[in-house]
$ cat coords19.cif   # mmCIF, C-alpha atoms
data_work
#
loop_
_atom_site.label_atom_id
_atom_site.label_comp_id
_atom_site.auth_asym_id
_atom_site.auth_seq_id
_atom_site.Cartn_x
_atom_site.Cartn_y
_atom_site.Cartn_z
CA ALA A 1 -20.33 -48.24 -43.80
CA ASP A 2 -23.57 -50.13 -44.28
CA LEU A 3 -24.36 -50.72 -47.96
CA ALA A 4 -27.97 -51.54 -48.90
CA ALA A 5 -29.49 -52.01 -52.37
CA ALA A 6 -33.23 -51.49 -52.85
CA ALA A 7 -35.30 -53.49 -55.30
CA ALA A 8 -35.68 -50.43 -57.55
CA GLY A 9 -31.95 -50.13 -57.89
CA GLU A 10 -31.48 -47.37 -55.34
CA THR A 11 -28.19 -47.53 -53.47
CA THR A 12 -27.62 -46.05 -50.04
CA VAL A 13 -24.33 -45.78 -48.23
CA ARG A 14 -24.56 -45.04 -44.53
CA LEU A 15 -21.66 -43.99 -42.34
CA ALA A 16 -22.18 -44.98 -38.73
CA GLU A 17 -21.26 -42.37 -36.13
CA THR A 18 -17.49 -42.19 -36.07
CA ALA A 19 -15.20 -40.15 -33.85
CA VAL A 20 -12.85 -37.80 -35.71
CA ALA A 21 -9.75 -36.25 -34.14
CA ALA A 22 -7.44 -33.45 -35.25
CA GLY A 23 -3.99 -32.93 -33.82
CA GLY A 24 -4.62 -35.62 -31.22
CA ARG A 25 -7.78 -33.86 -29.97
CA PRO A 26 -11.34 -35.11 -30.52
CA LEU A 27 -12.98 -32.86 -33.10
CA ALA A 28 -16.50 -34.26 -33.55
CA ARG A 29 -18.57 -37.38 -34.10
CA VAL A 30 -19.41 -37.69 -37.80
CA SER A 31 -22.23 -39.67 -39.40
CA GLY A 32 -24.14 -39.47 -42.67
CA MET A 33 -25.52 -41.11 -45.74
CA VAL A 34 -25.48 -40.83 -49.53
CA THR A 35 -28.35 -42.13 -51.67
CA ARG A 36 -28.05 -42.81 -55.39
CA PRO A 37 -31.33 -43.59 -57.20
CA GLY A 38 -31.61 -46.33 -59.77
CA ASP A 39 -32.35 -43.71 -62.45
CA ALA A 40 -28.99 -42.19 -63.33
CA ALA A 41 -30.74 -38.97 -64.37
CA GLU A 42 -31.76 -38.28 -60.76
CA PRO A 43 -29.20 -36.41 -58.64
CA GLY A 44 -29.60 -38.42 -55.43
CA ALA A 45 -29.17 -36.96 -51.95
CA PHE A 46 -26.71 -36.69 -49.09
CA GLU A 47 -26.76 -35.95 -45.39
CA ALA A 48 -23.80 -35.24 -43.11
CA ARG A 49 -24.07 -34.75 -39.35
CA LEU A 50 -21.42 -33.44 -36.96
CA ALA A 51 -22.22 -33.89 -33.27
CA GLY A 52 -20.27 -33.14 -30.13
CA ILE A 53 -18.21 -30.50 -31.92
CA ASP A 54 -15.15 -29.34 -29.99
CA ALA A 55 -14.87 -25.66 -30.92
CA ALA A 56 -11.35 -25.34 -29.50
CA ALA A 57 -10.14 -28.27 -31.63
CA ALA A 58 -11.77 -26.72 -34.71
CA GLU A 59 -10.05 -23.41 -33.99
CA SER A 60 -6.68 -25.17 -33.70
CA LEU A 61 -7.28 -27.14 -36.92
CA LEU A 62 -8.19 -23.97 -38.87
CA GLY A 63 -5.39 -21.90 -37.36
CA LEU A 64 -7.79 -19.46 -35.70
CA GLU A 65 -7.32 -17.48 -32.52
CA PRO A 66 -8.70 -19.18 -29.38
CA GLY A 67 -12.35 -18.26 -28.98
CA ALA A 68 -12.86 -17.32 -32.66
CA ILE A 69 -15.51 -20.06 -32.97
CA ALA A 70 -16.45 -20.86 -29.37
CA ASP A 71 -17.11 -17.25 -28.37
CA TRP A 72 -19.61 -16.79 -31.21
CA THR A 73 -21.31 -20.20 -31.24
CA GLY A 74 -21.22 -21.06 -27.55
CA GLY A 75 -19.02 -24.10 -28.30
CA GLY A 76 -20.13 -27.68 -28.83
CA GLY A 77 -23.46 -28.51 -30.45
CA GLU A 78 -24.52 -30.21 -33.64
CA VAL A 79 -24.64 -29.32 -37.35
CA THR A 80 -26.47 -31.25 -40.07
CA VAL A 81 -26.12 -30.58 -43.82
CA ARG A 82 -28.58 -32.00 -46.36
CA GLY A 83 -28.80 -31.64 -50.12
CA THR A 84 -28.10 -33.17 -53.48
CA PRO A 85 -24.65 -33.50 -55.08
CA ALA A 86 -25.75 -31.74 -58.29
CA ALA A 87 -24.35 -28.23 -58.85
CA GLY A 88 -26.77 -25.35 -58.40
CA THR A 89 -29.18 -27.26 -56.16
CA PRO A 90 -30.17 -26.02 -52.70
CA VAL A 91 -28.48 -27.20 -49.52
CA SER A 92 -30.12 -27.05 -46.10
CA LEU A 93 -28.21 -26.44 -42.91
CA ALA A 94 -29.64 -27.35 -39.50
CA LEU A 95 -27.90 -25.76 -36.52
CA ASN A 96 -28.27 -26.87 -32.94
CA LEU A 97 -25.57 -24.90 -31.15
CA PRO A 98 -25.69 -23.29 -27.71
CA ALA A 99 -25.87 -19.80 -29.25
CA VAL A 100 -27.65 -20.54 -32.55
CA ALA A 101 -30.50 -22.90 -33.39
CA GLY A 102 -32.61 -23.19 -36.53
CA GLU A 103 -32.47 -24.06 -40.22
CA ALA A 104 -31.18 -22.24 -43.27
CA ARG A 105 -31.48 -22.99 -46.98
CA MET A 106 -28.65 -21.99 -49.33
CA GLN A 107 -28.29 -22.13 -53.10
CA MET A 108 -25.53 -20.99 -55.44
CA ARG A 109 -26.25 -19.15 -58.70
CA GLY A 110 -22.89 -18.81 -60.38
CA ASP A 111 -20.88 -16.67 -57.95
CA ARG A 112 -24.04 -15.51 -56.12
CA LEU A 113 -25.48 -17.06 -52.98
CA ASP A 114 -29.16 -17.09 -51.98
CA LEU A 115 -29.87 -17.64 -48.29
CA ASP A 116 -33.22 -18.17 -46.57
CA ALA A 117 -33.13 -18.71 -42.80
CA ARG A 118 -36.40 -19.00 -40.90
CA ASP A 119 -37.04 -19.07 -37.15
CA LEU A 120 -33.42 -18.77 -36.15
CA VAL A 121 -33.05 -18.46 -32.37
CA LEU A 122 -29.95 -16.64 -31.17
CA ARG A 123 -28.82 -16.71 -27.57
CA PRO A 124 -26.01 -14.16 -27.66
CA THR A 125 -22.80 -15.09 -25.87
CA ASP A 126 -20.85 -12.66 -23.72
CA ARG A 127 -18.58 -12.05 -26.73
CA MET A 128 -21.56 -11.09 -28.90
CA LEU A 129 -22.92 -8.72 -26.25
CA ALA A 130 -19.49 -7.18 -25.82
CA ALA A 131 -19.24 -6.59 -29.57
CA LEU A 132 -22.51 -4.63 -29.45
CA GLY A 133 -21.16 -2.42 -26.68
CA ARG A 134 -18.19 -0.09 -26.55
CA PRO A 135 -15.00 -0.22 -24.46
CA ALA A 136 -14.08 2.56 -22.06
CA THR A 137 -11.91 5.44 -23.24
CA ALA A 138 -10.25 8.34 -21.47
CA ASP A 139 -13.37 10.44 -22.06
CA ARG A 140 -16.20 7.90 -21.88
CA PRO A 141 -17.14 5.01 -19.62
CA ALA A 142 -17.64 1.58 -21.13
CA MET A 143 -21.09 0.75 -22.50
CA ARG A 144 -22.18 -2.87 -22.61
CA LEU A 145 -25.30 -4.97 -22.94
CA ALA A 146 -26.35 -7.41 -20.26
CA ALA A 147 -29.39 -9.53 -19.59
CA ASP A 148 -31.25 -11.09 -16.72
CA GLY A 149 -31.21 -14.73 -17.70
CA SER A 150 -30.67 -15.76 -21.31
CA PRO A 151 -31.32 -13.05 -23.91
CA VAL A 152 -32.97 -14.35 -27.05
CA LEU A 153 -33.18 -12.91 -30.56
CA ARG A 154 -35.58 -14.61 -32.97
CA THR A 155 -34.84 -13.83 -36.60
CA ASN A 156 -35.92 -14.48 -40.17
CA LEU A 157 -33.32 -13.63 -42.83
CA ARG A 158 -33.66 -13.73 -46.61
CA VAL A 159 -30.74 -12.70 -48.82
CA THR A 160 -30.60 -13.07 -52.60
CA GLY A 161 -27.63 -12.54 -54.86
CA LEU A 162 -24.89 -12.26 -52.24
CA SER A 163 -21.56 -12.13 -54.08
CA THR A 164 -19.01 -14.75 -53.03
CA THR A 165 -16.18 -13.05 -54.93
CA ASP A 166 -16.70 -9.33 -54.17
CA PRO A 167 -17.11 -8.52 -50.46
CA ALA A 168 -17.90 -4.88 -51.33
CA ALA A 169 -20.93 -5.76 -53.45
CA TRP A 170 -24.41 -5.36 -52.02
CA PRO A 171 -26.75 -8.37 -52.30
CA GLU A 172 -29.53 -8.10 -54.86
CA SER A 173 -32.06 -7.92 -52.03
CA PHE A 174 -32.38 -8.76 -48.35
CA ARG A 175 -34.89 -8.73 -45.53
CA LEU A 176 -34.12 -9.17 -41.84
CA GLU A 177 -36.85 -9.55 -39.24
CA ALA A 178 -35.80 -9.79 -35.60
CA ALA A 179 -37.57 -9.81 -32.25
CA ALA A 180 -35.44 -9.22 -29.14
CA THR A 181 -36.27 -9.90 -25.52
CA PRO A 182 -35.48 -7.19 -22.92
CA VAL A 183 -31.85 -6.34 -22.18
CA ARG A 184 -30.02 -3.94 -19.89
CA VAL A 185 -27.71 -1.23 -21.17
CA GLN A 186 -24.89 -0.67 -18.68
CA VAL A 187 -22.94 2.61 -18.75
CA GLY A 188 -20.46 2.88 -15.91
CA GLU A 189 -22.48 2.29 -12.75
CA THR A 190 -25.81 3.04 -14.45
CA ALA A 191 -27.96 0.14 -15.69
CA VAL A 192 -31.02 0.92 -17.81
CA PRO A 193 -33.58 -1.67 -18.97
CA LEU A 194 -34.54 -1.59 -22.66
CA GLY A 195 -37.88 -3.21 -23.38
CA PRO A 196 -38.65 -5.81 -26.07
CA THR A 197 -38.10 -4.56 -29.61
CA ARG A 198 -38.86 -5.72 -33.15
CA TRP A 199 -36.60 -4.84 -36.07
CA THR A 200 -37.27 -5.04 -39.79
CA ILE A 201 -34.51 -4.05 -42.25
CA THR A 202 -35.13 -4.41 -46.00
CA ARG A 203 -33.50 -3.47 -49.28
CA GLU A 204 -35.02 -4.18 -52.68
CA PRO A 205 -33.88 -3.18 -56.20
CA GLY A 206 -34.79 0.43 -56.95
CA ALA A 207 -35.81 1.10 -53.34
CA PRO A 208 -34.06 2.72 -50.37
CA LEU A 209 -32.80 0.84 -47.34
CA ALA A 210 -35.76 0.68 -44.96
CA VAL A 211 -35.42 0.35 -41.18
CA ARG A 212 -38.38 -0.08 -38.88
CA ILE A 213 -38.13 -0.53 -35.10
CA THR A 214 -41.05 -0.98 -32.73
CA GLY A 215 -40.94 -1.31 -28.97
CA GLU A 216 -43.44 -2.39 -26.37
CA GLU A 217 -44.47 0.17 -23.77
CA GLY A 218 -43.83 -0.61 -20.13
CA ASP A 219 -41.45 0.22 -17.33
CA ALA A 220 -38.39 -0.01 -19.57
CA ALA A 221 -37.14 2.53 -22.10
CA THR A 222 -38.64 2.14 -25.58
CA LEU A 223 -37.44 2.91 -29.08
CA GLU A 224 -39.52 3.49 -32.22
CA ALA A 225 -38.18 4.26 -35.70
CA ASP A 226 -39.29 4.29 -39.33
CA LEU A 227 -36.44 5.37 -41.60
CA ARG A 228 -35.56 5.35 -45.31
CA ILE A 229 -31.90 5.69 -46.30
CA THR A 230 -30.82 6.63 -49.83
CA GLY A 231 -27.43 7.27 -51.42
CA LEU A 232 -26.20 3.69 -51.01
CA PRO A 233 -24.80 1.61 -53.90
CA GLU A 234 -27.50 -0.11 -55.95
CA PRO A 235 -28.43 -3.66 -54.89
CA GLY A 236 -26.29 -6.25 -56.63
CA ARG A 237 -23.57 -3.74 -57.44
CA SER A 238 -20.20 -3.01 -55.91
CA GLY A 239 -19.13 0.42 -54.83
CA ARG A 240 -18.14 2.54 -51.89
CA THR A 241 -20.69 4.66 -50.09
CA ASP A 242 -20.18 8.40 -50.45
CA PRO A 243 -21.06 9.93 -47.05
CA ALA A 244 -22.03 13.19 -48.77
CA ALA A 245 -24.70 11.35 -50.78
CA LEU A 246 -26.39 9.64 -47.82
CA ARG A 247 -29.86 10.97 -47.01
CA ILE A 248 -32.33 9.91 -44.31
CA THR A 249 -36.09 10.39 -44.28
CA GLY A 250 -38.37 9.29 -41.45
CA HIS A 251 -38.65 9.58 -37.70
CA LEU A 252 -37.15 8.16 -34.52
CA GLU A 253 -38.73 8.28 -31.05
CA ALA A 254 -37.18 7.32 -27.74
CA ALA A 255 -39.06 7.35 -24.45
CA ASP A 256 -37.64 7.41 -20.92
CA VAL A 257 -34.06 6.77 -22.03
CA ALA A 258 -31.49 7.33 -19.29
CA ALA A 259 -29.50 10.51 -19.85
CA ALA A 260 -26.37 8.52 -18.98
CA ILE A 261 -26.93 6.44 -22.12
CA CYS A 262 -27.29 9.62 -24.23
CA ASP A 263 -24.11 11.05 -22.73
CA ALA A 264 -22.24 7.82 -23.48
CA LEU A 265 -23.45 7.69 -27.09
CA LEU A 266 -22.76 11.39 -27.76
CA GLY A 267 -19.58 11.66 -25.72
CA ALA A 268 -21.26 14.57 -23.91
CA ASP A 269 -19.46 14.00 -20.60
CA ASP A 270 -22.60 14.14 -18.40
CA LEU A 271 -23.94 17.33 -20.02
CA VAL A 272 -27.20 15.69 -21.13
CA ALA A 273 -27.87 14.53 -17.59
CA ALA A 274 -26.96 17.97 -16.24
CA THR A 275 -29.26 19.86 -18.59
CA MET A 276 -32.16 17.46 -19.14
CA GLY A 277 -32.33 15.42 -15.94
CA ALA A 278 -32.18 11.68 -15.30
CA THR A 279 -34.23 10.61 -18.35
CA VAL A 280 -34.86 11.91 -21.85
CA THR A 281 -37.81 11.55 -24.20
CA ALA A 282 -37.15 12.67 -27.77
CA ARG A 283 -38.51 12.66 -31.29
CA ILE A 284 -36.39 13.30 -34.38
CA ASP A 285 -37.93 13.87 -37.82
CA ALA A 286 -35.65 13.75 -40.84
CA ALA A 287 -36.61 15.13 -44.25
CA ASP A 288 -34.08 13.97 -46.86
CA PHE A 289 -31.43 14.84 -44.28
CA GLY A 290 -27.71 14.52 -44.86
CA THR A 291 -24.54 16.51 -44.36
CA HIS A 292 -25.14 18.29 -47.67
CA GLY A 293 -28.90 18.87 -47.64
CA GLY A 294 -32.28 18.25 -46.04
CA SER A 295 -33.41 19.04 -42.51
CA LEU A 296 -33.65 17.46 -39.08
CA THR A 297 -36.23 18.51 -36.49
CA LEU A 298 -35.60 17.70 -32.83
CA GLU A 299 -37.94 17.73 -29.84
CA ALA A 300 -36.32 16.50 -26.63
CA SER A 301 -37.38 16.93 -23.02
CA GLY A 302 -36.47 15.76 -19.54
CA PRO A 303 -37.34 16.59 -15.94
CA THR A 304 -35.17 19.75 -15.95
CA GLY A 305 -34.77 20.79 -19.57
CA ARG A 306 -36.12 20.93 -23.10
CA VAL A 307 -34.62 21.45 -26.57
CA ASP A 308 -36.59 22.17 -29.77
CA GLY A 309 -35.56 23.24 -33.23
CA THR A 310 -34.52 22.43 -36.76
CA VAL A 311 -31.07 22.04 -38.29
CA ARG A 312 -30.14 21.69 -41.94
CA GLY A 313 -27.30 19.88 -43.63
CA GLU A 314 -25.14 22.13 -45.78
CA ARG A 315 -21.56 21.78 -47.09
CA GLY A 316 -20.74 19.10 -44.56
CA ALA A 317 -22.04 21.12 -41.62
CA LEU A 318 -25.11 21.54 -39.42
CA VAL A 319 -26.83 24.89 -39.98
CA VAL A 320 -29.47 26.78 -37.96
CA ASP A 321 -31.46 29.48 -39.80
CA PRO A 322 -32.93 32.61 -38.15
CA ALA A 323 -36.33 31.63 -39.58
CA ALA A 324 -36.29 28.43 -37.49
CA PRO A 325 -34.17 29.03 -34.38
CA LEU A 326 -33.08 26.33 -31.96
CA THR A 327 -34.36 26.90 -28.42
CA ALA A 328 -33.32 25.34 -25.13
CA VAL A 329 -34.77 25.70 -21.66
CA LEU A 330 -32.54 24.29 -18.92
CA GLU A 331 -31.42 24.59 -15.33
CA VAL A 332 -28.17 26.37 -14.47
CA HIS A 333 -26.22 23.31 -13.40
CA PRO A 334 -22.53 23.66 -12.42
CA LEU A 335 -21.55 21.45 -15.36
CA VAL A 336 -23.46 23.72 -17.76
CA ARG A 337 -21.87 26.79 -16.19
CA ASP A 338 -18.31 25.46 -16.22
CA ARG A 339 -18.27 23.61 -19.53
CA VAL A 340 -20.61 25.69 -21.68
CA LEU A 341 -21.52 29.15 -20.36
CA SER A 342 -18.08 30.16 -19.03
CA ARG A 343 -16.46 29.21 -22.34
CA ILE A 344 -18.90 31.42 -24.23
CA GLN A 345 -18.43 34.37 -21.88
CA PRO A 346 -16.11 34.25 -18.83
CA ILE A 347 -18.49 36.43 -16.83
CA PHE A 348 -20.81 33.42 -16.57
CA SER A 349 -18.21 31.49 -14.57
CA GLY A 350 -19.50 33.05 -11.35
CA VAL A 351 -23.16 32.17 -11.91
CA SER A 352 -24.44 29.91 -9.13
CA ARG A 353 -28.21 30.12 -9.57
CA SER A 354 -30.95 31.84 -11.57
CA ASP A 355 -34.53 32.90 -10.96
CA GLY A 356 -36.13 30.13 -12.96
CA PRO A 357 -34.68 28.12 -15.84
CA LEU A 358 -32.27 29.53 -18.39
CA ARG A 359 -33.73 30.06 -21.88
CA VAL A 360 -31.28 30.04 -24.78
CA VAL A 361 -32.26 30.85 -28.37
CA ILE A 362 -29.73 29.98 -31.10
CA SER A 363 -30.83 32.18 -33.99
CA SER A 364 -28.12 31.07 -36.41
CA ALA A 365 -25.29 28.58 -36.40
CA PHE A 366 -22.79 26.88 -38.70
CA VAL A 367 -21.14 23.79 -37.17
CA PRO A 368 -18.78 21.85 -39.48
CA LEU A 369 -18.70 18.13 -38.80
CA GLY A 370 -15.49 16.19 -38.35
CA ASP A 371 -12.11 17.89 -38.02
CA GLY A 372 -13.50 21.33 -38.89
CA VAL A 373 -15.66 21.64 -35.77
CA SER A 374 -13.25 24.26 -34.36
CA ALA A 375 -14.55 26.65 -37.05
CA ALA A 376 -18.09 26.56 -35.66
CA ALA A 377 -19.91 29.87 -35.26
CA ALA A 378 -23.30 30.78 -33.77
CA GLU A 379 -25.47 33.67 -32.69
CA PHE A 380 -27.69 33.30 -29.63
CA ARG A 381 -29.46 35.18 -26.91
#
$ encode --input "coords19.cif" --output "structure tokens"
Amino acid sequence: ADLAAAAAGETTVRLAETAVAAGGRPLARVSGMVTRPGDAAEPGAFEARLAGIDAAAAESLLGLEPGAIADWTGGGGEVTVRGTPAAGTPVSLALNLPAVAGEARMQMRGDRLDLDARDLVLRPTDRMLAALGRPATADRPAMRLAADGSPVLRTNLRVTGLSTTDPAAWPESFRLEAAATPVRVQVGETAVPLGPTRWTITREPGAPLAVRITGEEGDAATLEADLRITGLPEPGRSGRTDPAALRITGHLEAADVAAAICDALLGADDLVAATMGATVTARIDAADFGTHGGSLTLEASGPTGRVDGTVRGERGALVVDPAAPLTAVLEVHPLVRDRVLSRIQPIFSGVSRSDGPLRVVISSAFVPLGDGVSAAAAEFR
């Protein structure tokens, strides 16, 4: 340590870069400084820097599973912490890791944490991309995200009043802004490009959760959304979300999305591709929609099919009223014949073609969600 005293009485202690090991393995190179002003009333300042971090050694030291740190940070890199030793004062954190770079400012208020991170650059690792996908099951192929080159997500995050003692409590407010570069969604052997998108998610006291997504038009599929979600616990309070109380208002639009992606998300076993064609363009409008109220209007079309109509939420089920029937125009594809039509009426099992598309009008329906779906009933022509 290098000790220097200034003329004004300020004292600075500097720690030269020093290698630190844990369990016989190099952990990081540590350096830093602490400054104490001549005026005892001033809090002073500190800075600590960790460079050349060995993520595997840190995992071993903390008793974590291999990859618990390296898979999410990219391994290695540098972290710098700056602040003052006085309680309740802000601390800044500078990250220069392979997967995360940027600065964040943190401050404790009792048991609440305020966080303000600006211009964070995320370069998701394979582990991150895998977490955003879904593994294969007996009924569905795996869905994963991939990228040509290095995918980047630029974010601004502001969180106030995050409880450090109650993980179930909502923060008092938060705002997330993110801009993502193009990625590819891979479902089985099908790869679909998804164009650049911008996300904004906010929650303020007395206001619903707001989600806004904008995409840039081009050759890739695009996604647009503007949604308001109510029925969540109040900001700053703890509580479990009652699914029956959740309501959504707003709209969602998707253009030129591969039907294979829709089948994977819905577990539709290729039925969307069979009825709509290779791609789907859709718009969904929600009016205070939930499983116990409100309505959802759907307009979806593809090269070989179209679906239009309105469903309501009622008693934990989706309901179609005669006043607003659900209509579908589609080709008689073998999958539609074998998995839909023949189950409705066995006589349809021999249908091989039709003079023009098949038009189905569902004049009424009651489809319980969850385990009660076997009690579904509908009238159609």
$ residues_around --input "coords19.cif" --residues "Met276 of chain A" --least-positions-apart "2" --cutoff "12 Å" --atoms "all atoms listed in the file" --output "VMD selection string"
chain A and resid 256 to 260 262 to 263 270 to 274 278 to 282 300 to 307 328 to 333 335 to 336 357
$ atom_distance --input "coords19.cif" --atom1 "atom CA of Ala19 of chain A" --atom2 "atom CA of Ala55 of chain A"
14.8 Å
$ resolve_selection --input "coords19.cif" --expression "the PyMOL selection byres ((chain A and resi 112) around 6)" --output "ChimeraX atom specification"
/A:108-111,113,161-164
$ atom_distance --input "coords19.cif" --atom1 "atom CA of Gly215 of chain A" --atom2 "atom CA of Arg123 of chain A"
19.6 Å
$ atom_distance --input "coords19.cif" --atom1 "atom CA of Leu227 of chain A" --atom2 "atom CA of Thr249 of chain A"
5.7 Å
$ closest_residue --input "coords19.cif" --among "A:Arg212, A:Arg14, A:Arg154, A:Arg49" --to "Ala99 of chain A" --atoms "only C-alpha atoms"
A:Arg154
$ residues_around --input "coords19.cif" --residues "segment 312-319 of chain A" --least-positions-apart "3" --cutoff "8 Å" --atoms "only C-alpha atoms" --output "VMD selection string"
chain A and resid 244 289 to 296 364 to 369
$ closest_residue --input "coords19.cif" --among "A:Ala48, A:Val159, A:Ala142, A:Leu132" --to "Glu189 of chain A" --atoms "all atoms listed in the file"
A:Ala142
$ residues_near_point --input "coords19.cif" --point "(-39.3, 9.7, -36.8)" --cutoff "10 Å" --atoms "all atoms listed in the file" --output "number ranges by chain"
A: 224-227, 249-254, 282-287, 296-298
$ resolve_selection --input "coords19.cif" --expression "the PyMOL selection byres ((chain A and resi 11) around 6)" --output "ChimeraX atom specification"
/A:5,10,12,35-36
$ resolve_selection --input "coords19.cif" --expression "the PyMOL selection byres ((chain A and resi 176-184) around 6)" --output "list in words"
Leu145, Ala146, Ala147, Val152, Leu153, Arg154, Thr155, Asn156, Leu157, Arg175, Val185, Val192, Pro193, Leu194, Gly195, Pro196, Thr197, Arg198, Trp199, Thr200 and Ile201 of chain A
$ residues_around --input "coords19.cif" --residues "Ala28 of chain A" --least-positions-apart "3" --cutoff "7 Å" --atoms "only C-alpha atoms" --output "VMD selection string"
chain A and resid 19 to 20 50 to 54
$ closest_residue --input "coords19.cif" --among "A:Ala168, A:Ala210, A:Ser173, A:Leu27" --to "Thr241 of chain A" --atoms "only C-alpha atoms"
A:Ala168
$ closest_residue --input "coords19.cif" --among "A:Arg228, A:Leu62, A:Pro135, A:Val81" --to "Val34 of chain A" --atoms "only C-alpha atoms"
A:Val81
$ closest_residue --input "coords19.cif" --among "A:Ala101, A:Ser92, A:Val187, A:Pro66" --to "Glu78 of chain A" --atoms "only C-alpha atoms"
A:Ala101
$ closest_residue --input "coords19.cif" --among "A:Pro26, A:Gly231, A:Gly44, A:Gly239" --to "Ala87 of chain A" --atoms "all atoms listed in the file"
A:Gly44
